[in-house]
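**Q** File name query_14.pdb; file contents PDB, C-alpha atoms, pLDDT in the B column; full text below.
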ATOM      1  CA  GLY A1197      19.386  74.782  65.240  1.00 47.00           C
ATOM      2  CA  ARG A1198      20.961  71.381  65.284  1.00 43.00           C
ATOM      3  CA  ARG A1199      24.736  71.265  65.515  1.00 44.00           C
ATOM      4  CA  PHE A1200      26.792  68.449  64.095  1.00 40.00           C
ATOM      5  CA  ARG A1201      30.337  67.951  65.377  1.00 42.00           C
ATOM      6  CA  ILE A1202      32.446  66.251  62.759  1.00 37.00           C
ATOM      7  CA  ALA A1203      35.876  65.284  64.021  1.00 37.00           C
ATOM      8  CA  MET A1204      39.138  64.025  62.600  1.00 36.00           C
ATOM      9  CA  LEU A1205      39.214  60.365  61.653  1.00 37.00           C
ATOM     10  CA  ALA A1206      42.970  60.264  61.916  1.00 39.00           C
ATOM     11  CA  ARG A1207      45.187  62.410  64.048  1.00 42.00           C
ATOM     12  CA  PRO A1208      48.991  62.766  63.654  1.00 42.00           C
ATOM     13  CA  VAL A1209      50.860  61.596  66.735  1.00 39.00           C
ATOM     14  CA  GLY A1210      54.236  63.106  67.534  1.00 40.00           C
ATOM     15  CA  PRO A1211      57.289  61.160  68.698  1.00 39.00           C
ATOM     16  CA  GLY A1212      56.746  59.809  72.195  1.00 40.00           C
ATOM     17  CA  GLU A1213      53.211  61.171  72.334  1.00 41.00           C
ATOM     18  CA  ALA A1214      50.311  58.995  73.408  1.00 38.00           C
ATOM     19  CA  PRO A1215      47.235  59.462  71.251  1.00 38.00           C
ATOM     20  CA  ALA A1216      44.215  61.085  72.875  1.00 41.00           C
ATOM     21  CA  PRO A1217      41.315  58.765  73.760  1.00 37.00           C
ATOM     22  CA  ALA A1218      39.014  58.089  70.808  1.00 37.00           C
ATOM     23  CA  LYS A1219      35.259  57.638  70.828  1.00 37.00           C
ATOM     24  CA  ASP A1220      33.812  55.332  68.180  1.00 34.00           C
ATOM     25  CA  GLY A1221      37.019  55.657  66.190  1.00 34.00           C
ATOM     26  CA  VAL A1222      36.764  59.461  65.952  1.00 35.00           C
ATOM     27  CA  TRP A1223      39.203  61.882  67.586  1.00 37.00           C
ATOM     28  CA  TRP A1224      37.454  64.641  69.541  1.00 39.00           C
ATOM     29  CA  GLY A1225      40.239  66.951  70.504  1.00 43.00           C
ATOM     30  CA  ALA A1226      43.925  67.478  71.058  1.00 42.00           C
ATOM     31  CA  THR A1227      46.046  67.250  74.148  1.00 38.00           C
ATOM     32  CA  ARG A1228      49.210  68.856  72.767  1.00 46.00           C
ATOM     33  CA  THR A1229      50.318  71.556  70.352  1.00 51.00           C
ATOM     34  CA  PRO A1230      50.621  70.090  66.831  1.00 52.00           C
ATOM     35  CA  PRO A1231      53.988  70.218  65.071  1.00 53.00           C
ATOM     36  CA  ARG A1232      54.658  72.923  62.479  1.00 54.00           C
ATOM     37  CA  ASP A1233      54.607  71.742  58.838  1.00 51.00           C
ATOM     38  CA  SER A1234      56.188  74.096  56.273  1.00 55.00           C
ATOM     39  CA  ALA A1235      55.440  71.635  53.434  1.00 76.00           C
ATOM     40  CA  LEU A1236      51.672  72.195  53.626  1.00 84.00           C
ATOM     41  CA  ALA A1237      50.204  71.487  50.166  1.00 87.00           C
ATOM     42  CA  TYR A1238      46.707  70.166  50.861  1.00 87.00           C
ATOM     43  CA  ILE A1239      44.346  69.299  53.665  1.00 87.00           C
ATOM     44  CA  ASN A1240      41.375  66.975  54.014  1.00 87.00           C
ATOM     45  CA  VAL A1241      37.984  68.302  55.061  1.00 88.00           C
ATOM     46  CA  LEU A1242      35.400  65.887  56.379  1.00 78.00           C
ATOM     47  CA  ILE A1243      31.814  67.084  56.627  1.00 77.00           C
ATOM     48  CA  GLN A1244      28.685  65.107  57.417  1.00 61.00           C
ATOM     49  CA  LYS A1245      26.092  65.578  54.665  1.00 55.00           C
ATOM     50  CA  PRO A1246      22.393  64.678  54.545  1.00 46.00           C
ATOM     51  CA  ILE A1247      21.507  61.635  52.479  1.00 41.00           C
ATOM     52  CA  ALA A1248      18.307  61.397  50.431  1.00 39.00           C
ATOM     53  CA  ALA A1249      16.070  60.131  53.220  1.00 39.00           C
ATOM     54  CA  VAL A1250      14.105  61.455  56.186  1.00 39.00           C
ATOM     55  CA  ASP A1251      13.207  59.791  59.450  1.00 42.00           C
ATOM     56  CA  GLU A1252       9.762  59.419  61.003  1.00 42.00           C
ATOM     57  CA  ASP A1253       9.957  62.955  62.435  1.00 46.00           C
ATOM     58  CA  GLY A1254      10.693  64.457  59.036  1.00 43.00           C
ATOM     59  CA  GLU A1255      14.330  65.116  59.870  1.00 45.00           C
ATOM     60  CA  PRO A1256      17.054  64.180  57.348  1.00 43.00           C
ATOM     61  CA  ARG A1257      19.142  61.144  58.232  1.00 45.00           C
ATOM     62  CA  LEU A1258      22.834  61.896  58.069  1.00 47.00           C
ATOM     63  CA  GLY A1259      25.533  59.835  56.407  1.00 49.00           C
ATOM     64  CA  ARG A1260      29.272  60.378  56.599  1.00 55.00           C
ATOM     65  CA  ALA A1261      30.876  61.575  53.369  1.00 63.00           C
ATOM     66  CA  ALA A1262      34.418  60.788  52.282  1.00 73.00           C
ATOM     67  CA  PRO A1263      37.078  63.420  53.094  1.00 81.00           C
ATOM     68  CA  VAL A1264      37.598  65.995  50.340  1.00 87.00           C
ATOM     69  CA  LYS A1265      41.031  67.378  49.445  1.00 90.00           C
ATOM     70  CA  PHE A1266      41.512  71.148  49.303  1.00 93.00           C
ATOM     71  CA  PRO A1267      44.701  72.871  48.124  1.00 92.00           C
ATOM     72  CA  ALA A1268      46.368  74.599  51.045  1.00 92.00           C
ATOM     73  CA  ALA A1269      49.420  76.578  52.042  1.00 92.00           C
ATOM     74  CA  PRO A1270      50.679  78.081  55.317  1.00 92.00           C
ATOM     75  CA  GLU A1271      49.694  81.545  54.052  1.00 93.00           C
ATOM     76  CA  LEU A1272      46.132  80.532  53.070  1.00 94.00           C
ATOM     77  CA  ALA A1273      43.651  82.727  54.958  1.00 95.00           C
ATOM     78  CA  VAL A1274      41.090  80.956  57.127  1.00 95.00           C
ATOM     79  CA  HIS A1275      38.195  82.938  55.631  1.00 94.00           C
ATOM     80  CA  GLU A1276      39.262  81.911  52.112  1.00 94.00           C
ATOM     81  CA  LEU A1277      39.326  78.223  53.064  1.00 94.00           C
ATOM     82  CA  ARG A1278      35.956  78.597  54.820  1.00 92.00           C
ATOM     83  CA  GLU A1279      34.395  80.029  51.654  1.00 90.00           C
ATOM     84  CA  GLN A1280      35.869  77.235  49.513  1.00 90.00           C
ATOM     85  CA  VAL A1281      34.442  74.594  51.856  1.00 90.00           C
ATOM     86  CA  MET A1282      31.014  76.273  52.015  1.00 88.00           C
ATOM     87  CA  THR A1283      30.862  76.530  48.222  1.00 85.00           C
ATOM     88  CA  HIS A1284      31.988  72.938  47.646  1.00 84.00           C
ATOM     89  CA  PHE A1285      29.480  71.471  50.088  1.00 82.00           C
ATOM     90  CA  ASN A1286      26.710  73.996  49.265  1.00 80.00           C
ATOM     91  CA  VAL A1287      26.549  75.231  52.850  1.00 85.00           C
ATOM     92  CA  SER A1288      24.184  78.187  53.161  1.00 86.00           C
ATOM     93  CA  PRO A1289      25.490  81.459  54.643  1.00 89.00           C
ATOM     94  CA  ARG A1290      22.544  81.099  57.033  1.00 89.00           C
ATOM     95  CA  LYS A1291      24.650  78.426  58.706  1.00 89.00           C
ATOM     96  CA  GLU A1292      27.897  78.946  60.545  1.00 90.00           C
ATOM     97  CA  LEU A1293      30.762  76.726  59.428  1.00 91.00           C
ATOM     98  CA  ILE A1294      33.130  75.994  62.317  1.00 90.00           C
ATOM     99  CA  MET A1295      36.513  74.462  61.496  1.00 92.00           C
ATOM    100  CA  ARG A1296      38.767  72.936  64.162  1.00 90.00           C
ATOM    101  CA  TRP A1297      42.352  71.754  64.068  1.00 91.00           C
ATOM    102  CA  TRP A1298      43.401  69.658  67.059  1.00 88.00           C
ATOM    103  CA  GLY A1299      40.464  71.074  69.015  1.00 86.00           C
ATOM    104  CA  THR A1300      41.262  74.725  68.228  1.00 92.00           C
ATOM    105  CA  VAL A1301      38.683  76.761  66.313  1.00 93.00           C
ATOM    106  CA  LEU A1302      40.121  78.421  63.202  1.00 95.00           C
ATOM    107  CA  GLU A1303      39.297  82.141  63.248  1.00 95.00           C
ATOM    108  CA  ASP A1304      38.973  84.611  60.400  1.00 94.00           C
ATOM    109  CA  GLY A1305      41.826  87.083  60.201  1.00 94.00           C
ATOM    110  CA  LYS A1306      44.422  84.334  60.566  1.00 95.00           C
ATOM    111  CA  VAL A1307      46.190  81.938  58.192  1.00 94.00           C
ATOM    112  CA  LEU A1308      46.627  78.167  58.368  1.00 93.00           C
ATOM    113  CA  GLY A1309      50.264  78.570  59.365  1.00 92.00           C
ATOM    114  CA  ASP A1310      49.140  80.246  62.591  1.00 93.00           C
ATOM    115  CA  TYR A1311      47.583  76.933  63.647  1.00 92.00           C
ATOM    116  CA  ARG A1312      50.462  74.665  62.533  1.00 90.00           C
ATOM    117  CA  VAL A1313      48.144  72.820  60.145  1.00 91.00           C
ATOM    118  CA  SER A1314      50.069  69.865  58.742  1.00 89.00           C
ATOM    119  CA  ASN A1315      50.097  68.526  55.195  1.00 91.00           C
ATOM    120  CA  ALA A1316      47.411  65.901  54.479  1.00 89.00           C
ATOM    121  CA  GLY A1317      45.826  66.506  57.872  1.00 90.00           C
ATOM    122  CA  THR A1318      42.066  66.377  58.358  1.00 89.00           C
ATOM    123  CA  LEU A1319      40.057  69.304  59.720  1.00 90.00           C
ATOM    124  CA  GLU A1320      37.031  68.653  61.882  1.00 87.00           C
ATOM    125  CA  VAL A1321      34.009  70.639  60.736  1.00 88.00           C
ATOM    126  CA  ALA A1322      30.789  71.576  62.501  1.00 85.00           C
ATOM    127  CA  VAL A1323      27.734  73.300  60.997  1.00 87.00           C
ATOM    128  CA  ARG A1324      25.457  75.421  63.178  1.00 87.00           C
ATOM    129  CA  ALA A1325      22.194  76.960  62.021  1.00 86.00           C
ATOM    130  CA  ARG A1326      22.087  80.681  62.772  1.00 88.00           C
ATOM    131  CA  THR A1327      19.138  82.256  64.546  1.00 90.00           C
ATOM    132  CA  VAL A1328      16.677  84.586  62.777  1.00 88.00           C
ATOM    133  CA  SER A1329      18.192  87.619  64.488  1.00 91.00           C
ATOM    134  CA  GLU A1330      21.713  86.526  63.521  1.00 91.00           C
ATOM    135  CA  ASN A1331      20.662  86.177  59.881  1.00 89.00           C
ATOM    136  CA  SER A1332      18.996  89.613  59.919  1.00 90.00           C
ATOM    137  CA  GLU A1333      22.163  91.167  61.301  1.00 92.00           C
ATOM    138  CA  LEU A1334      24.269  89.279  58.753  1.00 90.00           C
ATOM    139  CA  ALA A1335      22.090  90.567  55.889  1.00 90.00           C
ATOM    140  CA  ARG A1336      22.498  94.115  57.224  1.00 92.00           C
ATOM    141  CA  GLN A1337      26.276  93.844  57.565  1.00 91.00           C
ATOM    142  CA  HIS A1338      26.801  91.940  54.291  1.00 89.00           C
ATOM    143  CA  PRO A1339      24.307  93.118  51.639  1.00 91.00           C
ATOM    144  CA  VAL A1340      23.936  90.693  48.755  1.00 93.00           C
ATOM    145  CA  THR A1341      26.376  91.145  45.838  1.00 95.00           C
ATOM    146  CA  ARG A1342      26.284  87.576  44.499  1.00 94.00           C
ATOM    147  CA  VAL A1343      24.209  84.432  44.852  1.00 93.00           C
ATOM    148  CA  ARG A1344      24.819  80.740  44.351  1.00 91.00           C
ATOM    149  CA  VAL A1345      22.384  78.891  42.116  1.00 92.00           C
ATOM    150  CA  GLN A1346      22.175  75.147  42.645  1.00 86.00           C
ATOM    151  CA  THR A1347      20.603  72.624  40.293  1.00 83.00           C
ATOM    152  CA  LEU A1348      18.743  69.590  41.609  1.00 72.00           C
ATOM    153  CA  ASN A1349      21.750  67.397  40.777  1.00 73.00           C
ATOM    154  CA  GLY A1350      23.925  69.421  43.159  1.00 73.00           C
ATOM    155  CA  ARG A1351      25.840  71.564  40.652  1.00 80.00           C
ATOM    156  CA  SER A1352      26.377  75.094  41.976  1.00 85.00           C
ATOM    157  CA  VAL A1353      27.360  78.273  40.107  1.00 90.00           C
ATOM    158  CA  HIS A1354      27.798  81.919  41.112  1.00 92.00           C
ATOM    159  CA  VAL A1355      25.879  84.892  39.713  1.00 95.00           C
ATOM    160  CA  HIS A1356      27.586  88.218  40.448  1.00 95.00           C
ATOM    161  CA  ASP A1357      26.510  91.899  40.371  1.00 95.00           C
ATOM    162  CA  VAL A1358      23.340  91.125  42.315  1.00 96.00           C
ATOM    163  CA  THR A1359      21.539  93.556  44.638  1.00 96.00           C
ATOM    164  CA  TRP A1360      18.408  93.249  46.764  1.00 94.00           C
ATOM    165  CA  ARG A1361      16.499  94.843  43.859  1.00 96.00           C
ATOM    166  CA  THR A1362      17.520  92.065  41.441  1.00 97.00           C
ATOM    167  CA  THR A1363      14.641  89.844  40.338  1.00 96.00           C
ATOM    168  CA  PRO A1364      14.653  86.057  39.815  1.00 96.00           C
ATOM    169  CA  ARG A1365      13.996  86.703  36.109  1.00 96.00           C
ATOM    170  CA  GLN A1366      17.233  88.710  35.875  1.00 97.00           C
ATOM    171  CA  ILE A1367      19.158  85.961  37.678  1.00 96.00           C
ATOM    172  CA  LYS A1368      17.813  83.361  35.247  1.00 96.00           C
ATOM    173  CA  GLN A1369      18.744  85.581  32.297  1.00 96.00           C
ATOM    174  CA  ALA A1370      22.297  85.901  33.674  1.00 96.00           C
ATOM    175  CA  LEU A1371      22.503  82.095  33.878  1.00 95.00           C
ATOM    176  CA  VAL A1372      21.470  81.797  30.226  1.00 95.00           C
ATOM    177  CA  GLU A1373      23.744  84.594  28.963  1.00 95.00           C
ATOM    178  CA  GLY A1374      26.727  83.142  30.806  1.00 94.00           C
ATOM    179  CA  LYS A1375      25.844  79.565  29.785  1.00 92.00           C
ATOM    180  CA  LEU A1376      26.326  78.624  33.423  1.00 92.00           C
ATOM    181  CA  VAL A1377      23.708  75.858  33.680  1.00 92.00           C
ATOM    182  CA  PRO A1378      23.736  72.997  31.130  1.00 90.00           C
ATOM    183  CA  GLY A1379      20.406  72.537  29.380  1.00 92.00           C
ATOM    184  CA  LEU A1380      19.087  75.977  30.358  1.00 93.00           C
ATOM    185  CA  GLY A1381      18.542  78.351  27.414  1.00 94.00           C
ATOM    186  CA  LYS A1382      16.210  80.913  25.913  1.00 93.00           C
ATOM    187  CA  ALA A1383      13.746  78.191  24.944  1.00 93.00           C
ATOM    188  CA  ASN A1384      13.050  77.061  28.511  1.00 94.00           C
ATOM    189  CA  VAL A1385      14.229  79.852  30.811  1.00 94.00           C
ATOM    190  CA  ASP A1386      10.735  81.349  31.211  1.00 94.00           C
ATOM    191  CA  ALA A1387       9.383  78.003  32.423  1.00 94.00           C
ATOM    192  CA  ALA A1388      12.232  77.550  34.902  1.00 95.00           C
ATOM    193  CA  THR A1389      11.541  78.398  38.544  1.00 93.00           C
ATOM    194  CA  LEU A1390      13.937  79.836  41.092  1.00 92.00           C
ATOM    195  CA  CYS A1391      13.473  78.608  44.659  1.00 89.00           C
ATOM    196  CA  PHE A1392      14.748  79.840  47.996  1.00 82.00           C
ATOM    197  CA  ASN A1393      15.659  78.370  51.391  1.00 62.00           C
ATOM    198  CA  ALA A1394      17.175  75.162  50.068  1.00 49.00           C
ATOM    199  CA  THR A1395      17.679  73.430  53.387  1.00 55.00           C
ATOM    200  CA  SER A1396      18.412  69.731  53.262  1.00 47.00           C
ATOM    201  CA  ARG A1397      14.914  68.812  54.411  1.00 48.00           C
ATOM    202  CA  LEU A1398      13.178  71.061  51.874  1.00 49.00           C
ATOM    203  CA  LEU A1399      15.427  69.912  49.048  1.00 49.00           C
ATOM    204  CA  MET A1400      14.803  66.234  49.779  1.00 46.00           C
ATOM    205  CA  THR A1401      11.039  66.594  50.137  1.00 51.00           C
ATOM    206  CA  GLY A1402      10.663  68.942  47.162  1.00 55.00           C
ATOM    207  CA  ARG A1403       8.885  71.641  49.211  1.00 64.00           C
ATOM    208  CA  LEU A1404      10.928  74.577  47.941  1.00 71.00           C
ATOM    209  CA  PRO A1405       9.361  78.074  48.073  1.00 82.00           C
ATOM    210  CA  VAL A1406       9.145  79.455  44.502  1.00 87.00           C
ATOM    211  CA  LEU A1407      10.176  83.100  44.022  1.00 91.00           C
ATOM    212  CA  PRO A1408       7.990  85.357  41.824  1.00 94.00           C
ATOM    213  CA  ASP A1409       9.863  86.146  38.618  1.00 95.00           C
ATOM    214  CA  ASP A1410       9.444  89.926  38.711  1.00 96.00           C
ATOM    215  CA  ALA A1411       9.613  90.682  42.445  1.00 95.00           C
ATOM    216  CA  PRO A1412      12.937  91.855  43.970  1.00 95.00           C
ATOM    217  CA  ILE A1413      14.706  89.171  45.982  1.00 93.00           C
ATOM    218  CA  GLY A1414      14.658  91.576  48.948  1.00 92.00           C
ATOM    219  CA  LYS A1415      16.884  92.987  51.669  1.00 90.00           C
ATOM    220  CA  ASP A1416      16.708  89.816  53.774  1.00 89.00           C
ATOM    221  CA  ILE A1417      18.924  87.964  51.289  1.00 91.00           C
ATOM    222  CA  ILE A1418      22.449  87.395  52.601  1.00 91.00           C
ATOM    223  CA  ASP A1419      25.514  87.705  50.392  1.00 92.00           C
ATOM    224  CA  ASN A1420      26.358  84.383  48.693  1.00 90.00           C
ATOM    225  CA  GLU A1421      22.851  83.044  49.419  1.00 90.00           C
ATOM    226  CA  ILE A1422      21.807  79.728  47.849  1.00 89.00           C
ATOM    227  CA  PHE A1423      18.921  79.465  45.387  1.00 90.00           C
ATOM    228  CA  VAL A1424      17.779  76.312  43.628  1.00 89.00           C
ATOM    229  CA  ILE A1425      16.675  76.320  39.982  1.00 92.00           C
ATOM    230  CA  LYS A1426      14.149  73.785  38.697  1.00 90.00           C
ATOM    231  CA  TYR A1427      13.852  73.317  34.941  1.00 92.00           C
ATOM    232  CA  THR A1428      13.481  70.781  32.152  1.00 91.00           C
ATOM    233  CA  PRO A1429      16.750  70.563  30.150  1.00 90.00           C
ATOM    234  CA  ILE A1430      16.569  71.250  26.395  1.00 82.00           C
ATOM    235  CA  GLU A1431      19.403  68.887  25.463  1.00 62.00           C
ATOM    236  CA  LYS A1432      17.043  66.414  23.790  1.00 54.00           C
ATOM    237  CA  GLU A1433      15.501  69.182  21.699  1.00 47.00           C
ATOM    238  CA  LYS A1434      18.946  70.188  20.473  1.00 46.00           C
ATOM    239  CA  LYS A1435      19.714  66.627  19.423  1.00 49.00           C
ATOM    240  CA  LYS A1436      16.492  66.427  17.433  1.00 49.00           C
ATOM    241  CA  GLY A1437      17.241  69.679  15.676  1.00 51.00           C
ATOM    242  CA  GLY A1438      20.700  68.473  14.707  1.00 50.00           C
ATOM    243  CA  LYS A1439      19.454  65.355  12.985  1.00 50.00           C
TER     244      LYS A1439
END
What does the file become when written as structure tokens?

**A**
Amino acid sequence: GRRFRIAMLARPVGPGEAPAPAKDGVWWGATRTPPRDSALAYINVLIQKPIAAVDEDGEPRLGRAAPVKFPAAPELAVHELREQVMTHFNVSPRKELIMRWWGTVLEDGKVLGDYRVSNAGTLEVAVRARTVSENSELARQHPVTRVRVQTLNGRSVHVHDVTWRTTPRQIKQALVEGKLVPGLGKANVDAATLCFNATSRLLMTGRLPVLPDDAPIGKDIIDNEIFVIKYTPIEKEKKKGGK
């Protein structure tokens, strides 16, 4: 898969320290150990996201997004931050999210304080597509217990208590019962379709594989997998009925 290295736009420079060489205004690594910051309250995460366009080869063109603030603390676990970032940016578990601070890869099992992450600093983030064998192993090690359902406008919600035997119809019913998706109700849930494999290219071109309503989602689904729901909102019908 294609790998995008997204680096820090601004790097703190300690007293008497010369900044590392920059390429195109982007810092690509660190030359010294960063200072410890006990007042860590938030960090910035910068990730490069596909824009709504494809090039002549059918590949999505990428545009740089603005940094996003995430609450942080020295005791915040790396795996917890990774999950927050993946959820916010709708990164599929079929992709590996790699976070770096001053050139050092943040590893699960550690906390931000272990890496001397400073307040208001910016993490560099890279996204790597996993191989088919890696995804199969991931599905075996982490059976599905929840899924993320994304609307076409980018809103994403979680549906819990899911197994590989769960059907798309049951997921849609859970969305309606929990009132998780605006404009989705009993009147239009049967006409709604649940789609899988929402890669950037498929989402932009509209070629999303539709899942059969009454077939189990299957054992190949990874925990926290992303589905996309397509439906016609019933908000206008509600307004008419209230007149």

**Q** What would the selection look like, as a list of chain:residue names, if the PyMOL selection byres ((chain A and resi 1272) around 6) were run on the coordinates I just shared?

**A**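 When the PyMOL selection byres ((chain A and resi 1272) around 6) is applied to the shown file, the picked residues are A:Ala1269, A:Pro1270, A:Glu1271, A:Ala1273, A:Val1307, A:Leu1308.
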
**Q** Export C-alpha atoms of the chosen residues as a JSON list (two decimals), keeping the file's coordinate frame?

**A**
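Output file again.json follows:
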[["chain", "number", "residue", "atom", "x", "y", "z"],
["A", 1269, "ALA", "CA", 49.42, 76.58, 52.04],
["A", 1270, "PRO", "CA", 50.68, 78.08, 55.32],
["A", 1271, "GLU", "CA", 49.69, 81.54, 54.05],
["A", 1273, "ALA", "CA", 43.65, 82.73, 54.96],
["A", 1307, "VAL", "CA", 46.19, 81.94, 58.19],
["A", 1308, "LEU", "CA", 46.63, 78.17, 58.37]]

**Q** Out of A:Pro1378, A:Gly1309, A:Gly1317, A:Gly1414, which residue has the shortest atom-to-atom distance to Ser1352 in chain A when counting all atoms listed in the file?

**A**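 Counting all atoms listed in the file, the residue closest to Ser1352 in chain A is A:Pro1378.
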
**Q** Translate the PyMOL selection byres ((chain A and resi 1356) around 9) into a concrete residue list for this structure, as a CSV table (one decimal) with C-alpha atoms, in the coordinates of the input.

**A**
chain,number,residue,atom,x,y,z
A,1341,THR,CA,26.4,91.1,45.8
A,1342,ARG,CA,26.3,87.6,44.5
A,1343,VAL,CA,24.2,84.4,44.9
A,1344,ARG,CA,24.8,80.7,44.4
A,1354,HIS,CA,27.8,81.9,41.1
A,1355,VAL,CA,25.9,84.9,39.7
A,1357,ASP,CA,26.5,91.9,40.4
A,1358,VAL,CA,23.3,91.1,42.3
A,1370,ALA,CA,22.3,85.9,33.7

**Q** Between CA of Asp1410 in chain A and CA of Pro1429 in chain A, what is the distance in Å, rounded to a tenth?

**A** 22.4 Å

**Q** Could you list, as a list in words, every residue matched by the PyMOL selection byres ((chain A and resi 1263) around 7) in this structure?

**A**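 Selected by the PyMOL selection byres ((chain A and resi 1263) around 7) in this file: Asn1240, Val1241, Leu1242, Ala1261, Ala1262, Val1264 and Lys1265 of chain A.
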
**Q** Given the selection you just returned, output its residues as a file containing C-alpha atoms, formatted as a compact mmCIF listing (two decimals), in the coordinates of the input.

**A**
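Contents of result_18.txt, as written:
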# COMPACT_ATOMS: atom_id res chain seq x y z
CA ASN A 1240 41.38 66.97 54.01
CA VAL A 1241 37.98 68.30 55.06
CA LEU A 1242 35.40 65.89 56.38
CA ALA A 1261 30.88 61.58 53.37
CA ALA A 1262 34.42 60.79 52.28
CA VAL A 1264 37.60 66.00 50.34
CA LYS A 1265 41.03 67.38 49.44

**Q** Between CA of Asn1331 in chain A and CA of Ile1418 in chain A, what is the distance, to one decimal in Å?

**A**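 The value is 7.6 Å.
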
**Q** Which distance in Å separates CA of Pro1267 in chain A and CA of Ala1237 in chain A, to one decimal?

**A**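 Going from CA of Pro1267 in chain A over to CA of Ala1237 in chain A, I get 6.0 Å.
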
**Q** Name the closest residue to His1275 in chain A among the candidates A:Gly1305, A:Pro1289, A:Pro1405, A:Gly1299; distances are taken between atoms, counting all atoms listed in the file.

**A**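 When distances to His1275 in chain A are compared using all atoms listed in the file, the smallest one comes from A:Gly1305.
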
**Q** Given the point (17.1, 93.8, 52.1) in the coordinates of this file, which residues lie within 8 Å, counting all atoms listed in the file, and how would they look as a PyMOL selection string?

**A** chain A and resi 1335-1336+1339+1360+1414-1417

**Q** Please list as a list in words every residue within 9 Å of Gly1381 in chain A, counting all atoms listed in the file and excluding residues in the same chain fewer than 3 positions away.

**A** Gln1369, Leu1371, Val1372, Glu1373, Lys1375, Val1377, Pro1378, Asn1384, Val1385, Pro1429 and Ile1430 of chain A

**Q** Write out the residues from the selection above, keeping C-alpha atoms, as a compact mmCIF listing (two decimals), in the coordinates of the input.

**A**
# COMPACT_ATOMS: atom_id res chain seq x y z
CA GLN A 1369 18.74 85.58 32.30
CA LEU A 1371 22.50 82.10 33.88
CA VAL A 1372 21.47 81.80 30.23
CA GLU A 1373 23.74 84.59 28.96
CA LYS A 1375 25.84 79.56 29.78
CA VAL A 1377 23.71 75.86 33.68
CA PRO A 1378 23.74 73.00 31.13
CA ASN A 1384 13.05 77.06 28.51
CA VAL A 1385 14.23 79.85 30.81
CA PRO A 1429 16.75 70.56 30.15
CA ILE A 1430 16.57 71.25 26.40

**Q** Ala1411 in chain A: which residues within 6 Å, counting all atoms listed in the file, same-chain residues fewer than 2 positions away excluded, as a ChimeraX atom specification?

**A** /A:1363,1408-1409

**Q** Considering all atoms listed in the file, state which residue in the set A:Phe1392, A:Phe1285, A:Tyr1427, A:Phe1266 is at the smallest distance from Arg1351 in chain A.

**A** A:Phe1285

**Q** Which one of A:Leu1293, A:Ala1268, A:Leu1348, A:Leu1334 sits closest to Val1321 in chain A if you count all atoms listed in the file?

**A**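 Nearest candidate to Val1321 in chain A out of A:Leu1293, A:Ala1268, A:Leu1348, A:Leu1334: A:Leu1293.
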
**Q** I'd like the box whose edges run along x, y and z of the file and which contains every listed atom of range 1290-1302 of chain A, padded by 8 Å per side; could you state its centre and edge lengths in Å, one decimal, as JSON?

**A**
{"center_x": 33.0, "center_y": 75.4, "center_z": 63.0, "size_x": 36.9, "size_y": 27.4, "size_z": 28.0}

**Q** Taking 3 positions as the minimum chain separation for residues in the same chain, which residues sit within 9 Å of Gly1350 in chain A when counting all atoms listed in the file? Answer as a ChimeraX atom specification.

**A** /A:1286,1346-1347

**Q** Write out, as a compact mmCIF listing (two decimals), keeping the file's coordinate frame, the residues just selected, with C-alpha atoms.

**A**
# COMPACT_ATOMS: atom_id res chain seq x y z
CA ASN A 1286 26.71 74.00 49.26
CA GLN A 1346 22.18 75.15 42.64
CA THR A 1347 20.60 72.62 40.29
